[in-house]
$ cat final-v1.txt   # compact mmCIF, N, CA and C atoms and all ligand atoms
# COMPACT_ATOMS: atom_id res chain seq x y z
N MET J 274 -23.96 24.94 -44.08
CA MET J 274 -24.86 24.02 -43.40
C MET J 274 -24.11 22.73 -43.08
N SER J 275 -24.29 22.21 -41.86
CA SER J 275 -23.54 21.05 -41.44
C SER J 275 -24.35 19.77 -41.60
N ASP J 276 -23.65 18.70 -42.01
CA ASP J 276 -24.27 17.39 -42.10
C ASP J 276 -23.75 16.49 -40.99
N ALA J 277 -23.23 17.07 -39.92
CA ALA J 277 -22.57 16.32 -38.86
C ALA J 277 -23.49 15.30 -38.21
N ASN J 278 -24.79 15.59 -38.16
CA ASN J 278 -25.72 14.68 -37.50
C ASN J 278 -26.34 13.65 -38.45
N CYS J 279 -26.01 13.76 -39.73
CA CYS J 279 -26.57 12.82 -40.69
C CYS J 279 -25.88 11.47 -40.59
N VAL J 280 -26.64 10.43 -40.84
CA VAL J 280 -26.09 9.08 -40.86
C VAL J 280 -26.44 8.46 -42.21
N PRO J 281 -25.69 7.45 -42.62
CA PRO J 281 -26.03 6.80 -43.89
C PRO J 281 -27.44 6.25 -43.84
N SER J 282 -28.16 6.35 -44.93
CA SER J 282 -29.54 5.87 -44.93
C SER J 282 -29.62 4.36 -45.06
N VAL J 283 -28.55 3.73 -45.54
CA VAL J 283 -28.53 2.28 -45.68
C VAL J 283 -27.28 1.74 -45.01
N ILE J 284 -27.44 0.76 -44.15
CA ILE J 284 -26.32 0.16 -43.44
C ILE J 284 -26.34 -1.34 -43.69
N ILE J 285 -25.21 -1.86 -44.15
CA ILE J 285 -25.09 -3.29 -44.41
C ILE J 285 -24.12 -3.89 -43.39
N ASP J 286 -24.56 -4.88 -42.68
CA ASP J 286 -23.74 -5.50 -41.64
C ASP J 286 -22.95 -6.66 -42.24
N PRO J 287 -21.64 -6.53 -42.32
CA PRO J 287 -20.83 -7.58 -42.96
C PRO J 287 -20.81 -8.88 -42.19
N ARG J 288 -21.25 -8.86 -40.95
CA ARG J 288 -21.30 -10.12 -40.20
C ARG J 288 -22.37 -11.04 -40.74
N TYR J 289 -23.38 -10.47 -41.37
CA TYR J 289 -24.51 -11.26 -41.84
C TYR J 289 -24.57 -11.39 -43.35
N CYS J 290 -23.96 -10.45 -44.07
CA CYS J 290 -24.02 -10.48 -45.54
C CYS J 290 -23.26 -11.68 -46.08
N LYS J 291 -23.90 -12.43 -46.99
CA LYS J 291 -23.23 -13.56 -47.63
C LYS J 291 -23.05 -13.33 -49.12
N GLY J 292 -23.22 -12.10 -49.55
CA GLY J 292 -22.89 -11.74 -50.92
C GLY J 292 -23.80 -12.30 -51.98
N CYS J 293 -25.08 -12.51 -51.67
CA CYS J 293 -25.98 -13.12 -52.65
C CYS J 293 -26.37 -12.15 -53.76
N GLY J 294 -26.29 -10.85 -53.50
CA GLY J 294 -26.59 -9.85 -54.53
C GLY J 294 -28.05 -9.52 -54.70
N LEU J 295 -28.93 -10.10 -53.91
CA LEU J 295 -30.36 -9.84 -54.07
C LEU J 295 -30.71 -8.38 -53.83
N CYS J 296 -30.06 -7.78 -52.86
CA CYS J 296 -30.35 -6.37 -52.55
C CYS J 296 -29.93 -5.46 -53.71
N VAL J 297 -28.82 -5.79 -54.34
CA VAL J 297 -28.35 -5.01 -55.48
C VAL J 297 -29.35 -5.12 -56.62
N ALA J 298 -29.86 -6.33 -56.83
CA ALA J 298 -30.79 -6.57 -57.93
C ALA J 298 -32.13 -5.89 -57.70
N VAL J 299 -32.58 -5.83 -56.46
CA VAL J 299 -33.93 -5.34 -56.19
C VAL J 299 -33.99 -3.81 -56.07
N CYS J 300 -32.89 -3.18 -55.75
CA CYS J 300 -32.92 -1.73 -55.54
C CYS J 300 -33.25 -1.01 -56.85
N PRO J 301 -34.30 -0.22 -56.86
CA PRO J 301 -34.72 0.44 -58.10
C PRO J 301 -33.87 1.65 -58.46
N TYR J 302 -32.99 2.07 -57.57
CA TYR J 302 -32.22 3.29 -57.82
C TYR J 302 -30.71 3.07 -57.80
N SER J 303 -30.29 1.83 -57.92
CA SER J 303 -28.86 1.50 -58.00
C SER J 303 -28.05 2.10 -56.84
N VAL J 304 -28.67 2.07 -55.67
CA VAL J 304 -27.98 2.57 -54.48
C VAL J 304 -26.86 1.61 -54.06
N LEU J 305 -27.09 0.33 -54.29
CA LEU J 305 -26.18 -0.70 -53.80
C LEU J 305 -25.39 -1.34 -54.94
N GLU J 306 -24.22 -1.84 -54.59
CA GLU J 306 -23.46 -2.63 -55.57
C GLU J 306 -22.61 -3.64 -54.81
N MET J 307 -22.15 -4.66 -55.51
CA MET J 307 -21.29 -5.65 -54.89
C MET J 307 -19.87 -5.11 -54.84
N SER J 308 -19.21 -5.35 -53.73
CA SER J 308 -17.86 -4.86 -53.51
C SER J 308 -16.84 -5.98 -53.69
N SER J 309 -15.61 -5.59 -53.92
CA SER J 309 -14.52 -6.58 -53.95
C SER J 309 -14.03 -6.89 -52.55
N LYS J 310 -14.54 -6.14 -51.55
CA LYS J 310 -14.17 -6.40 -50.16
C LYS J 310 -14.77 -7.72 -49.71
N LEU J 311 -14.05 -8.41 -48.85
CA LEU J 311 -14.51 -9.69 -48.34
C LEU J 311 -14.88 -9.59 -46.86
N THR J 312 -15.92 -10.33 -46.50
CA THR J 312 -16.25 -10.44 -45.09
C THR J 312 -15.28 -11.41 -44.42
N GLU J 313 -15.40 -11.54 -43.10
CA GLU J 313 -14.56 -12.48 -42.37
C GLU J 313 -14.77 -13.91 -42.86
N LYS J 314 -15.95 -14.18 -43.40
CA LYS J 314 -16.25 -15.52 -43.90
C LYS J 314 -15.85 -15.70 -45.36
N GLY J 315 -15.33 -14.63 -45.97
CA GLY J 315 -14.84 -14.74 -47.34
C GLY J 315 -15.86 -14.43 -48.41
N TYR J 316 -16.98 -13.81 -48.03
CA TYR J 316 -17.99 -13.43 -49.02
C TYR J 316 -17.73 -12.01 -49.50
N ASN J 317 -17.98 -11.78 -50.78
CA ASN J 317 -18.01 -10.40 -51.26
C ASN J 317 -19.23 -9.72 -50.68
N ILE J 318 -19.04 -8.56 -50.12
CA ILE J 318 -20.13 -7.87 -49.44
C ILE J 318 -20.79 -6.85 -50.37
N ALA J 319 -22.08 -6.67 -50.16
CA ALA J 319 -22.76 -5.56 -50.82
C ALA J 319 -22.38 -4.28 -50.10
N GLU J 320 -22.33 -3.18 -50.84
CA GLU J 320 -22.02 -1.91 -50.20
C GLU J 320 -22.88 -0.80 -50.80
N VAL J 321 -22.93 0.30 -50.05
CA VAL J 321 -23.73 1.44 -50.47
C VAL J 321 -22.91 2.28 -51.44
N HIS J 322 -23.40 2.38 -52.65
CA HIS J 322 -22.68 3.07 -53.72
C HIS J 322 -23.16 4.50 -53.90
N GLN J 323 -24.46 4.70 -53.86
CA GLN J 323 -25.04 6.03 -54.05
C GLN J 323 -26.07 6.31 -52.96
N PRO J 324 -25.62 6.58 -51.75
CA PRO J 324 -26.57 6.76 -50.64
C PRO J 324 -27.57 7.88 -50.87
N GLU J 325 -27.16 8.89 -51.60
CA GLU J 325 -28.05 10.03 -51.84
C GLU J 325 -29.25 9.65 -52.71
N ALA J 326 -29.16 8.51 -53.40
CA ALA J 326 -30.24 8.10 -54.29
C ALA J 326 -31.30 7.26 -53.57
N CYS J 327 -31.04 6.89 -52.34
CA CYS J 327 -31.97 6.02 -51.60
C CYS J 327 -33.26 6.76 -51.27
N VAL J 328 -34.38 6.10 -51.54
CA VAL J 328 -35.70 6.66 -51.22
C VAL J 328 -36.34 5.93 -50.03
N ARG J 329 -35.57 5.05 -49.39
CA ARG J 329 -36.02 4.33 -48.20
C ARG J 329 -37.28 3.51 -48.47
N CYS J 330 -37.28 2.82 -49.58
CA CYS J 330 -38.43 1.99 -49.91
C CYS J 330 -38.41 0.66 -49.15
N HIS J 331 -37.26 0.31 -48.59
CA HIS J 331 -37.07 -0.91 -47.78
C HIS J 331 -37.13 -2.21 -48.59
N LYS J 332 -37.09 -2.13 -49.90
CA LYS J 332 -37.09 -3.36 -50.70
C LYS J 332 -35.86 -4.20 -50.39
N CYS J 333 -34.74 -3.55 -50.19
CA CYS J 333 -33.50 -4.28 -49.89
C CYS J 333 -33.60 -4.97 -48.53
N VAL J 334 -34.20 -4.29 -47.57
CA VAL J 334 -34.36 -4.86 -46.23
C VAL J 334 -35.25 -6.09 -46.30
N LEU J 335 -36.33 -5.99 -47.07
CA LEU J 335 -37.29 -7.08 -47.15
C LEU J 335 -36.74 -8.30 -47.88
N ILE J 336 -35.89 -8.08 -48.87
CA ILE J 336 -35.43 -9.21 -49.68
C ILE J 336 -34.21 -9.89 -49.08
N CYS J 337 -33.46 -9.21 -48.24
CA CYS J 337 -32.23 -9.80 -47.71
C CYS J 337 -32.56 -11.02 -46.84
N PRO J 338 -32.08 -12.20 -47.23
CA PRO J 338 -32.41 -13.41 -46.47
C PRO J 338 -31.67 -13.51 -45.15
N ASP J 339 -30.69 -12.64 -44.95
CA ASP J 339 -29.86 -12.74 -43.74
C ASP J 339 -30.02 -11.54 -42.81
N LEU J 340 -31.01 -10.73 -43.06
CA LEU J 340 -31.30 -9.57 -42.20
C LEU J 340 -30.05 -8.71 -42.00
N ALA J 341 -29.32 -8.51 -43.07
CA ALA J 341 -28.05 -7.80 -42.98
C ALA J 341 -28.17 -6.30 -43.22
N ILE J 342 -29.37 -5.84 -43.61
CA ILE J 342 -29.53 -4.44 -44.01
C ILE J 342 -30.46 -3.71 -43.06
N ASP J 343 -30.07 -2.50 -42.72
CA ASP J 343 -30.94 -1.57 -42.01
C ASP J 343 -31.07 -0.31 -42.84
N VAL J 344 -32.22 0.28 -42.84
CA VAL J 344 -32.41 1.58 -43.46
C VAL J 344 -32.80 2.56 -42.36
N VAL J 345 -32.07 3.63 -42.25
CA VAL J 345 -32.30 4.60 -41.18
C VAL J 345 -32.63 5.96 -41.79
N ASP J 346 -33.34 6.75 -41.02
CA ASP J 346 -33.61 8.11 -41.44
C ASP J 346 -32.42 8.99 -41.12
N LYS J 347 -32.13 9.91 -41.99
CA LYS J 347 -31.05 10.85 -41.71
C LYS J 347 -31.39 11.65 -40.47
N ASN J 348 -30.35 12.00 -39.72
CA ASN J 348 -30.48 12.70 -38.45
C ASN J 348 -31.15 11.85 -37.39
N ASP J 349 -31.13 10.54 -37.61
CA ASP J 349 -31.73 9.60 -36.66
C ASP J 349 -30.70 8.53 -36.37
N SER J 350 -30.33 8.37 -35.11
CA SER J 350 -29.29 7.43 -34.76
C SER J 350 -29.80 6.02 -34.59
N GLN J 351 -31.14 5.84 -34.61
CA GLN J 351 -31.71 4.52 -34.39
C GLN J 351 -32.14 3.90 -35.71
N PRO J 352 -31.63 2.69 -36.05
CA PRO J 352 -32.08 2.00 -37.25
C PRO J 352 -33.57 1.72 -37.18
N SER J 353 -34.23 1.71 -38.35
CA SER J 353 -35.66 1.46 -38.38
C SER J 353 -35.97 -0.02 -38.20
N ASP J 354 -35.00 -0.87 -38.48
CA ASP J 354 -35.19 -2.33 -38.37
C ASP J 354 -33.91 -2.88 -37.79
N SER J 355 -33.71 -2.64 -36.51
CA SER J 355 -32.42 -2.88 -35.89
C SER J 355 -32.06 -4.35 -35.78
N THR J 356 -30.77 -4.64 -35.94
CA THR J 356 -30.24 -5.98 -35.68
C THR J 356 -29.50 -6.00 -34.36
N ASP J 357 -29.61 -4.93 -33.57
CA ASP J 357 -29.04 -4.81 -32.23
C ASP J 357 -27.56 -4.50 -32.19
N GLN J 358 -26.83 -4.82 -33.25
CA GLN J 358 -25.40 -4.69 -33.17
C GLN J 358 -24.88 -3.81 -34.30
N ALA J 359 -23.80 -3.12 -34.01
CA ALA J 359 -23.22 -2.21 -34.98
C ALA J 359 -22.44 -2.99 -36.04
N PRO J 360 -22.37 -2.44 -37.27
CA PRO J 360 -21.58 -3.07 -38.31
C PRO J 360 -20.11 -3.10 -37.95
N GLN J 361 -19.40 -4.05 -38.50
CA GLN J 361 -17.98 -4.17 -38.24
C GLN J 361 -17.19 -3.89 -39.51
N GLU J 362 -15.91 -3.71 -39.33
CA GLU J 362 -15.03 -3.52 -40.47
C GLU J 362 -14.95 -4.81 -41.27
N VAL J 363 -14.68 -4.68 -42.56
CA VAL J 363 -14.49 -5.87 -43.40
C VAL J 363 -13.06 -5.87 -43.91
N ALA J 364 -12.57 -7.04 -44.22
CA ALA J 364 -11.21 -7.18 -44.69
C ALA J 364 -11.12 -6.79 -46.15
N GLU J 365 -9.99 -6.15 -46.52
CA GLU J 365 -9.74 -5.88 -47.93
C GLU J 365 -9.35 -7.17 -48.60
N GLU J 366 -9.68 -7.27 -49.87
CA GLU J 366 -9.34 -8.48 -50.62
C GLU J 366 -7.84 -8.60 -50.81
S1 LIG V 401 -29.30 -9.37 -49.87
FE1 LIG V 401 -28.32 -9.38 -47.83
S2 LIG V 401 -26.93 -11.15 -47.87
FE2 LIG V 401 -27.48 -10.70 -50.00
S3 LIG V 401 -25.82 -9.32 -50.74
FE3 LIG V 401 -27.49 -8.01 -49.97
S4 LIG V 401 -26.95 -7.58 -47.80
FE4 LIG V 401 -25.71 -9.34 -48.47
S1 LIG V 402 -34.32 1.35 -49.30
FE1 LIG V 402 -34.95 1.13 -51.48
S2 LIG V 402 -33.84 2.77 -52.57
FE2 LIG V 402 -32.83 2.52 -50.56
S3 LIG V 402 -31.14 1.05 -50.95
FE3 LIG V 402 -32.92 -0.15 -50.26
S4 LIG V 402 -33.98 -0.79 -52.16
FE4 LIG V 402 -32.57 0.91 -52.70
$ encode --input "final-v1.txt" --output "structure tokens" --more "lines below"
Ligand code: SF4
Ligand code: SF4
Amino acid sequence: MSDANCVPSVIIDPRYCKGCGLCVAVCPYSVLEMSSKLTEKGYNIAEVHQPEACVRCHKCVLICPDLAIDVVDKNDSQPSDSTDQAPQEVAEE
């Protein structure tokens, strides 16, 4: 069985993430964690650690003060709460 059409259920846009950690704290299933990777602005970014554990409750989307998170349905190319722009690469520390 192919997963070629599947997309990550949680997408974090490093252009907007300022590394506050609220999404990591609020996620009830430890899907997210803080990364050692830095954004262009020098913030540690949150990243998706266990995507398979996400239940799409949207708590992370609601709590993020910078609208940096989208939650999408698998096999769906359109984010449920779009920020219009695709995520970018982040710099390694
Ligand atoms: S809540 Fe938003 S700004 Fe804060 S770490 Fe998570 S994605 Fe980044
Ligand atoms: S949608 Fe819910 S389960 Fe999925 S990462 Fe966000 S807070 Fe965690």
$ residues_near_ligand --input "final-v1.txt" --ligand "ligand LIG 402 (chain V)" --cutoff "7 Å" --atoms "all atoms listed in the file" --output "list in words"
Ser282, Val283, Cys296, Val299, Cys300, Pro301, Tyr302, Ser303, Val304, Leu305, Ala326, Cys327, Val328, Arg329, Cys330, His331, Lys332, Cys333, Val334 and Val344 of chain J
$ residues_around --input "final-v1.txt" --residues "Ala319 of chain J" --least-positions-apart "2" --cutoff "6.5 Å" --atoms "only N, CA and C atoms" --output "PyMOL selection string"
chain J and resi 285+290+292+305-308+317+321
$ closest_atom_pairs --input "final-v1.txt" --of "chain J" --to "ligand LIG 401 (chain V)" --cutoff "6 Å" --atoms "all atoms listed in the file" --output "tab-separated table"
residue	atom	partner	partner_atom	distance
J:Ile285	CA	V:LIG401	S4	5.8
J:Tyr289	C	V:LIG401	S2	5.1
J:Cys290	CA	V:LIG401	FE4	3.6
J:Lys291	N	V:LIG401	S2	3.4
J:Gly292	CA	V:LIG401	S3	3.8
J:Cys293	N	V:LIG401	S3	3.4
J:Gly294	N	V:LIG401	S3	3.2
J:Leu295	N	V:LIG401	S1	4.1
J:Cys296	N	V:LIG401	S1	3.5
J:Val297	N	V:LIG401	FE3	5.1
J:Ile318	C	V:LIG401	S3	5.6
J:Ala319	N	V:LIG401	S3	4.6
J:Ile336	C	V:LIG401	S1	5.0
J:Cys337	CA	V:LIG401	S1	3.7
J:Pro338	N	V:LIG401	FE1	4.7
J:Asp339	N	V:LIG401	FE1	5.0
J:Leu340	N	V:LIG401	FE1	5.6
J:Ala341	C	V:LIG401	S4	4.9
J:Ile342	N	V:LIG401	S4	5.1
$ write_last_selection --input "final-v1.txt" --atoms "N, CA and C atoms" --output "PDB file, in the frame of the given file"
ATOM      1  N   ILE J 285     -25.210  -1.860 -44.150  1.00  0.00           N
ATOM      2  CA  ILE J 285     -25.090  -3.290 -44.410  1.00  0.00           C
ATOM      3  C   ILE J 285     -24.120  -3.890 -43.390  1.00  0.00           C
ATOM      4  N   TYR J 289     -23.380 -10.470 -41.370  1.00  0.00           N
ATOM      5  CA  TYR J 289     -24.510 -11.260 -41.840  1.00  0.00           C
ATOM      6  C   TYR J 289     -24.570 -11.390 -43.350  1.00  0.00           C
ATOM      7  N   CYS J 290     -23.960 -10.450 -44.070  1.00  0.00           N
ATOM      8  CA  CYS J 290     -24.020 -10.480 -45.540  1.00  0.00           C
ATOM      9  C   CYS J 290     -23.260 -11.680 -46.080  1.00  0.00           C
ATOM     10  N   LYS J 291     -23.900 -12.430 -46.990  1.00  0.00           N
ATOM     11  CA  LYS J 291     -23.230 -13.560 -47.630  1.00  0.00           C
ATOM     12  C   LYS J 291     -23.050 -13.330 -49.120  1.00  0.00           C
ATOM     13  N   GLY J 292     -23.220 -12.100 -49.550  1.00  0.00           N
ATOM     14  CA  GLY J 292     -22.890 -11.740 -50.920  1.00  0.00           C
ATOM     15  C   GLY J 292     -23.800 -12.300 -51.980  1.00  0.00           C
ATOM     16  N   CYS J 293     -25.080 -12.510 -51.670  1.00  0.00           N
ATOM     17  CA  CYS J 293     -25.980 -13.120 -52.650  1.00  0.00           C
ATOM     18  C   CYS J 293     -26.370 -12.150 -53.760  1.00  0.00           C
ATOM     19  N   GLY J 294     -26.290 -10.850 -53.500  1.00  0.00           N
ATOM     20  CA  GLY J 294     -26.590  -9.850 -54.530  1.00  0.00           C
ATOM     21  C   GLY J 294     -28.050  -9.520 -54.700  1.00  0.00           C
ATOM     22  N   LEU J 295     -28.930 -10.100 -53.910  1.00  0.00           N
ATOM     23  CA  LEU J 295     -30.360  -9.840 -54.070  1.00  0.00           C
ATOM     24  C   LEU J 295     -30.710  -8.380 -53.830  1.00  0.00           C
ATOM     25  N   CYS J 296     -30.060  -7.780 -52.860  1.00  0.00           N
ATOM     26  CA  CYS J 296     -30.350  -6.370 -52.550  1.00  0.00           C
ATOM     27  C   CYS J 296     -29.930  -5.460 -53.710  1.00  0.00           C
ATOM     28  N   VAL J 297     -28.820  -5.790 -54.340  1.00  0.00           N
ATOM     29  CA  VAL J 297     -28.350  -5.010 -55.480  1.00  0.00           C
ATOM     30  C   VAL J 297     -29.350  -5.120 -56.620  1.00  0.00           C
ATOM     31  N   ILE J 318     -19.040  -8.560 -50.120  1.00  0.00           N
ATOM     32  CA  ILE J 318     -20.130  -7.870 -49.440  1.00  0.00           C
ATOM     33  C   ILE J 318     -20.790  -6.850 -50.370  1.00  0.00           C
ATOM     34  N   ALA J 319     -22.080  -6.670 -50.160  1.00  0.00           N
ATOM     35  CA  ALA J 319     -22.760  -5.560 -50.820  1.00  0.00           C
ATOM     36  C   ALA J 319     -22.380  -4.280 -50.100  1.00  0.00           C
ATOM     37  N   ILE J 336     -35.890  -8.080 -48.870  1.00  0.00           N
ATOM     38  CA  ILE J 336     -35.430  -9.210 -49.680  1.00  0.00           C
ATOM     39  C   ILE J 336     -34.210  -9.890 -49.080  1.00  0.00           C
ATOM     40  N   CYS J 337     -33.460  -9.210 -48.240  1.00  0.00           N
ATOM     41  CA  CYS J 337     -32.230  -9.800 -47.710  1.00  0.00           C
ATOM     42  C   CYS J 337     -32.560 -11.020 -46.840  1.00  0.00           C
ATOM     43  N   PRO J 338     -32.080 -12.200 -47.230  1.00  0.00           N
ATOM     44  CA  PRO J 338     -32.410 -13.410 -46.470  1.00  0.00           C
ATOM     45  C   PRO J 338     -31.670 -13.510 -45.150  1.00  0.00           C
ATOM     46  N   ASP J 339     -30.690 -12.640 -44.950  1.00  0.00           N
ATOM     47  CA  ASP J 339     -29.860 -12.740 -43.740  1.00  0.00           C
ATOM     48  C   ASP J 339     -30.020 -11.540 -42.810  1.00  0.00           C
ATOM     49  N   LEU J 340     -31.010 -10.730 -43.060  1.00  0.00           N
ATOM     50  CA  LEU J 340     -31.300  -9.570 -42.200  1.00  0.00           C
ATOM     51  C   LEU J 340     -30.050  -8.710 -42.000  1.00  0.00           C
ATOM     52  N   ALA J 341     -29.320  -8.510 -43.070  1.00  0.00           N
ATOM     53  CA  ALA J 341     -28.050  -7.800 -42.980  1.00  0.00           C
ATOM     54  C   ALA J 341     -28.170  -6.300 -43.220  1.00  0.00           C
ATOM     55  N   ILE J 342     -29.370  -5.840 -43.610  1.00  0.00           N
ATOM     56  CA  ILE J 342     -29.530  -4.440 -44.010  1.00  0.00           C
ATOM     57  C   ILE J 342     -30.460  -3.710 -43.060  1.00  0.00           C
TER      58      ILE J 342
END
$ atom_distance --input "final-v1.txt" --atom1 "atom CA of Pro287 of chain J" --atom2 "atom CA of Asp343 of chain J"
11.8 Å
$ atom_distance --input "final-v1.txt" --atom1 "atom C of Leu311 of chain J" --atom2 "atom N of Ile284 of chain J"
16.5 Å
$ atom_distance --input "final-v1.txt" --atom1 "atom N of His322 of chain J" --atom2 "atom CA of Asp286 of chain J"
13.5 Å
